[in-house]
Amino acid sequence: MIQRIVLIKFKDDYANEAGRTAAVEHTRRVFSNLPHVREFSVGTPSDKASGAAWDLCIQARFDDMDSVEAYGVQPDHADYVRDYLNPRAAVKKAWNFQI
């Protein structure tokens, strides 16, 4: 199984409670319908130090790296990244771990 962890730092206009809450809600709607994603979670920082570095954390689990690659080009995911996340994000970091 693969655990994908994505951390996002928003641009100043979105790096606030309202921006984070909207992103969590939108991400949940999109990810709940994505093929290849076995389970996912999305959250916001729980302390000041985390909030100074990041605004959003997405974790998703997949069967294997082929599923991660298929999800990455899936149209709803591509639309989410291009049309929703990229305009809001200043920095995005993603890693995959075998678990």
# chains A, B, ... in the order shown; residues from 1 in each chain; ligands from 1
>>> residues_around(residues="Tyr71 in chain A", least_positions_apart="2", cutoff="8 Å", atoms="only C-alpha atoms", output="ChimeraX atom specification")
/A:34-37,67-69,73-74,77
>>> residues_around(residues="range 86-95 of chain A", least_positions_apart="5", cutoff="12 Å", atoms="only C-alpha atoms", output="ChimeraX atom specification")
/A:2-16,19-20,22-23,53-61,65,68,72,77-81
>>> write_last_selection(atoms="C-alpha atoms", output="PDB file, in the first residue's frame")
ATOM      1  CA  ILE A   2       1.165   3.549  -0.750  1.00  0.00           C
ATOM      2  CA  GLN A   3       0.581   6.551   1.518  1.00  0.00           C
ATOM      3  CA  ARG A   4       0.772   9.880  -0.340  1.00  0.00           C
ATOM      4  CA  ILE A   5       1.260  12.985   1.789  1.00  0.00           C
ATOM      5  CA  VAL A   6       0.729  16.421   0.249  1.00  0.00           C
ATOM      6  CA  LEU A   7       1.451  19.656   2.137  1.00  0.00           C
ATOM      7  CA  ILE A   8       0.247  23.004   0.786  1.00  0.00           C
ATOM      8  CA  LYS A   9       1.155  26.555   1.780  1.00  0.00           C
ATOM      9  CA  PHE A  10      -1.456  29.002   0.501  1.00  0.00           C
ATOM     10  CA  LYS A  11      -0.907  32.436  -0.944  1.00  0.00           C
ATOM     11  CA  ASP A  12      -1.627  35.197   1.575  1.00  0.00           C
ATOM     12  CA  ASP A  13      -5.212  35.766   0.367  1.00  0.00           C
ATOM     13  CA  TYR A  14      -6.138  32.152   1.235  1.00  0.00           C
ATOM     14  CA  ALA A  15      -3.894  31.542   4.278  1.00  0.00           C
ATOM     15  CA  ASN A  16      -6.620  32.181   6.835  1.00  0.00           C
ATOM     16  CA  GLY A  19      -9.569  29.879   3.090  1.00  0.00           C
ATOM     17  CA  ARG A  20      -8.471  26.722   4.878  1.00  0.00           C
ATOM     18  CA  ALA A  22     -13.170  26.192   2.126  1.00  0.00           C
ATOM     19  CA  ALA A  23     -10.210  24.153   0.873  1.00  0.00           C
ATOM     20  CA  ALA A  53       4.702  26.436   7.625  1.00  0.00           C
ATOM     21  CA  TRP A  54       1.603  24.868   6.006  1.00  0.00           C
ATOM     22  CA  ASP A  55      -2.110  25.480   5.494  1.00  0.00           C
ATOM     23  CA  LEU A  56      -3.410  22.131   4.282  1.00  0.00           C
ATOM     24  CA  CYS A  57      -2.406  18.474   4.525  1.00  0.00           C
ATOM     25  CA  ILE A  58      -3.888  15.816   2.249  1.00  0.00           C
ATOM     26  CA  GLN A  59      -3.146  12.148   2.871  1.00  0.00           C
ATOM     27  CA  ALA A  60      -4.349   9.454   0.502  1.00  0.00           C
ATOM     28  CA  ARG A  61      -3.815   5.703   0.342  1.00  0.00           C
ATOM     29  CA  MET A  65       2.318   3.221  -7.421  1.00  0.00           C
ATOM     30  CA  VAL A  68      -0.978   6.794  -7.692  1.00  0.00           C
ATOM     31  CA  GLY A  72      -2.582  11.887 -10.877  1.00  0.00           C
ATOM     32  CA  HIS A  77      -8.009  15.342  -9.948  1.00  0.00           C
ATOM     33  CA  ALA A  78      -6.282  17.278 -12.745  1.00  0.00           C
ATOM     34  CA  ASP A  79      -9.106  19.851 -12.702  1.00  0.00           C
ATOM     35  CA  TYR A  80      -8.836  20.156  -8.911  1.00  0.00           C
ATOM     36  CA  VAL A  81      -5.101  20.805  -9.063  1.00  0.00           C
TER      37      VAL A  81
END
>>> atom_distance(atom1="CA of Val30 in chain A", atom2="CA of Asp47 in chain A")
26.1 Å
>>> select_by_dssp(residues="chain A", states="strand (DSSP E)", output="ChimeraX atom specification")
/A:2-10,39-43,56-62,89-98
>>> write_last_selection(atoms="N, CA and C atoms", output="PDB file, in the first residue's frame")
ATOM      1  N   ILE A   2       0.434   2.286  -0.648  1.00  0.00           N
ATOM      2  CA  ILE A   2       1.165   3.549  -0.750  1.00  0.00           C
ATOM      3  C   ILE A   2       0.403   4.642  -0.002  1.00  0.00           C
ATOM      4  N   GLN A   3       1.119   5.372   0.819  1.00  0.00           N
ATOM      5  CA  GLN A   3       0.581   6.551   1.518  1.00  0.00           C
ATOM      6  C   GLN A   3       1.169   7.782   0.838  1.00  0.00           C
ATOM      7  N   ARG A   4       0.326   8.631   0.288  1.00  0.00           N
ATOM      8  CA  ARG A   4       0.772   9.880  -0.340  1.00  0.00           C
ATOM      9  C   ARG A   4       0.439  11.026   0.611  1.00  0.00           C
ATOM     10  N   ILE A   5       1.430  11.838   0.891  1.00  0.00           N
ATOM     11  CA  ILE A   5       1.260  12.985   1.789  1.00  0.00           C
ATOM     12  C   ILE A   5       1.546  14.245   0.993  1.00  0.00           C
ATOM     13  N   VAL A   6       0.589  15.162   0.981  1.00  0.00           N
ATOM     14  CA  VAL A   6       0.729  16.421   0.249  1.00  0.00           C
ATOM     15  C   VAL A   6       0.548  17.565   1.246  1.00  0.00           C
ATOM     16  N   LEU A   7       1.520  18.465   1.295  1.00  0.00           N
ATOM     17  CA  LEU A   7       1.451  19.656   2.137  1.00  0.00           C
ATOM     18  C   LEU A   7       1.373  20.882   1.249  1.00  0.00           C
ATOM     19  N   ILE A   8       0.480  21.811   1.597  1.00  0.00           N
ATOM     20  CA  ILE A   8       0.247  23.004   0.786  1.00  0.00           C
ATOM     21  C   ILE A   8       0.348  24.244   1.659  1.00  0.00           C
ATOM     22  N   LYS A   9       1.100  25.216   1.187  1.00  0.00           N
ATOM     23  CA  LYS A   9       1.155  26.555   1.780  1.00  0.00           C
ATOM     24  C   LYS A   9       0.395  27.469   0.831  1.00  0.00           C
ATOM     25  N   PHE A  10      -0.636  28.123   1.336  1.00  0.00           N
ATOM     26  CA  PHE A  10      -1.456  29.002   0.501  1.00  0.00           C
ATOM     27  C   PHE A  10      -0.813  30.370   0.313  1.00  0.00           C
ATOM     28  N   GLU A  39      -8.518   5.449   0.539  1.00  0.00           N
ATOM     29  CA  GLU A  39      -9.006   6.300   1.634  1.00  0.00           C
ATOM     30  C   GLU A  39      -8.183   7.575   1.634  1.00  0.00           C
ATOM     31  N   PHE A  40      -8.734   8.613   2.261  1.00  0.00           N
ATOM     32  CA  PHE A  40      -8.027   9.887   2.305  1.00  0.00           C
ATOM     33  C   PHE A  40      -8.438  10.652   3.548  1.00  0.00           C
ATOM     34  N   SER A  41      -7.610  11.622   3.896  1.00  0.00           N
ATOM     35  CA  SER A  41      -7.958  12.584   4.939  1.00  0.00           C
ATOM     36  C   SER A  41      -7.384  13.929   4.515  1.00  0.00           C
ATOM     37  N   VAL A  42      -8.011  14.966   4.994  1.00  0.00           N
ATOM     38  CA  VAL A  42      -7.544  16.327   4.720  1.00  0.00           C
ATOM     39  C   VAL A  42      -7.695  17.119   6.008  1.00  0.00           C
ATOM     40  N   GLY A  43      -6.695  17.924   6.327  1.00  0.00           N
ATOM     41  CA  GLY A  43      -6.752  18.680   7.559  1.00  0.00           C
ATOM     42  C   GLY A  43      -5.964  19.968   7.497  1.00  0.00           C
ATOM     43  N   LEU A  56      -2.557  23.275   4.584  1.00  0.00           N
ATOM     44  CA  LEU A  56      -3.410  22.131   4.282  1.00  0.00           C
ATOM     45  C   LEU A  56      -2.546  20.885   4.157  1.00  0.00           C
ATOM     46  N   CYS A  57      -3.062  19.773   4.671  1.00  0.00           N
ATOM     47  CA  CYS A  57      -2.406  18.474   4.525  1.00  0.00           C
ATOM     48  C   CYS A  57      -3.424  17.490   3.954  1.00  0.00           C
ATOM     49  N   ILE A  58      -3.054  16.853   2.852  1.00  0.00           N
ATOM     50  CA  ILE A  58      -3.888  15.816   2.249  1.00  0.00           C
ATOM     51  C   ILE A  58      -3.104  14.509   2.332  1.00  0.00           C
ATOM     52  N   GLN A  59      -3.744  13.475   2.848  1.00  0.00           N
ATOM     53  CA  GLN A  59      -3.146  12.148   2.871  1.00  0.00           C
ATOM     54  C   GLN A  59      -4.085  11.203   2.146  1.00  0.00           C
ATOM     55  N   ALA A  60      -3.536  10.410   1.248  1.00  0.00           N
ATOM     56  CA  ALA A  60      -4.349   9.454   0.502  1.00  0.00           C
ATOM     57  C   ALA A  60      -3.616   8.122   0.439  1.00  0.00           C
ATOM     58  N   ARG A  61      -4.381   7.048   0.437  1.00  0.00           N
ATOM     59  CA  ARG A  61      -3.815   5.703   0.342  1.00  0.00           C
ATOM     60  C   ARG A  61      -4.248   5.051  -0.966  1.00  0.00           C
ATOM     61  N   PHE A  62      -3.292   4.339  -1.529  1.00  0.00           N
ATOM     62  CA  PHE A  62      -3.472   3.671  -2.813  1.00  0.00           C
ATOM     63  C   PHE A  62      -2.949   2.240  -2.717  1.00  0.00           C
ATOM     64  N   ALA A  89      -2.272  28.078  -4.133  1.00  0.00           N
ATOM     65  CA  ALA A  89      -1.056  27.560  -3.500  1.00  0.00           C
ATOM     66  C   ALA A  89       0.185  28.377  -3.846  1.00  0.00           C
ATOM     67  N   ALA A  90       0.969  28.670  -2.810  1.00  0.00           N
ATOM     68  CA  ALA A  90       2.286  29.269  -2.999  1.00  0.00           C
ATOM     69  C   ALA A  90       3.336  28.167  -3.106  1.00  0.00           C
ATOM     70  N   VAL A  91       3.146  27.092  -2.316  1.00  0.00           N
ATOM     71  CA  VAL A  91       4.078  25.963  -2.287  1.00  0.00           C
ATOM     72  C   VAL A  91       3.283  24.671  -2.136  1.00  0.00           C
ATOM     73  N   LYS A  92       3.674  23.641  -2.882  1.00  0.00           N
ATOM     74  CA  LYS A  92       3.093  22.303  -2.730  1.00  0.00           C
ATOM     75  C   LYS A  92       4.243  21.303  -2.660  1.00  0.00           C
ATOM     76  N   LYS A  93       4.170  20.401  -1.718  1.00  0.00           N
ATOM     77  CA  LYS A  93       5.154  19.322  -1.582  1.00  0.00           C
ATOM     78  C   LYS A  93       4.396  18.015  -1.456  1.00  0.00           C
ATOM     79  N   ALA A  94       4.855  16.982  -2.153  1.00  0.00           N
ATOM     80  CA  ALA A  94       4.193  15.684  -2.098  1.00  0.00           C
ATOM     81  C   ALA A  94       5.227  14.575  -2.012  1.00  0.00           C
ATOM     82  N   TRP A  95       4.906  13.568  -1.194  1.00  0.00           N
ATOM     83  CA  TRP A  95       5.767  12.407  -1.031  1.00  0.00           C
ATOM     84  C   TRP A  95       4.922  11.150  -1.002  1.00  0.00           C
ATOM     85  N   ASN A  96       5.525  10.049  -1.444  1.00  0.00           N
ATOM     86  CA  ASN A  96       4.879   8.732  -1.414  1.00  0.00           C
ATOM     87  C   ASN A  96       5.688   7.798  -0.527  1.00  0.00           C
ATOM     88  N   PHE A  97       4.998   7.037   0.315  1.00  0.00           N
ATOM     89  CA  PHE A  97       5.652   6.091   1.213  1.00  0.00           C
ATOM     90  C   PHE A  97       4.968   4.729   1.106  1.00  0.00           C
ATOM     91  N   GLN A  98       5.761   3.680   1.066  1.00  0.00           N
ATOM     92  CA  GLN A  98       5.212   2.323   1.114  1.00  0.00           C
ATOM     93  C   GLN A  98       4.908   2.010   2.563  1.00  0.00           C
TER      94      GLN A  98
END
>>> atom_distance(atom1="CA of Ile99 in chain A", atom2="CA of Met1 in chain A")
5.5 Å
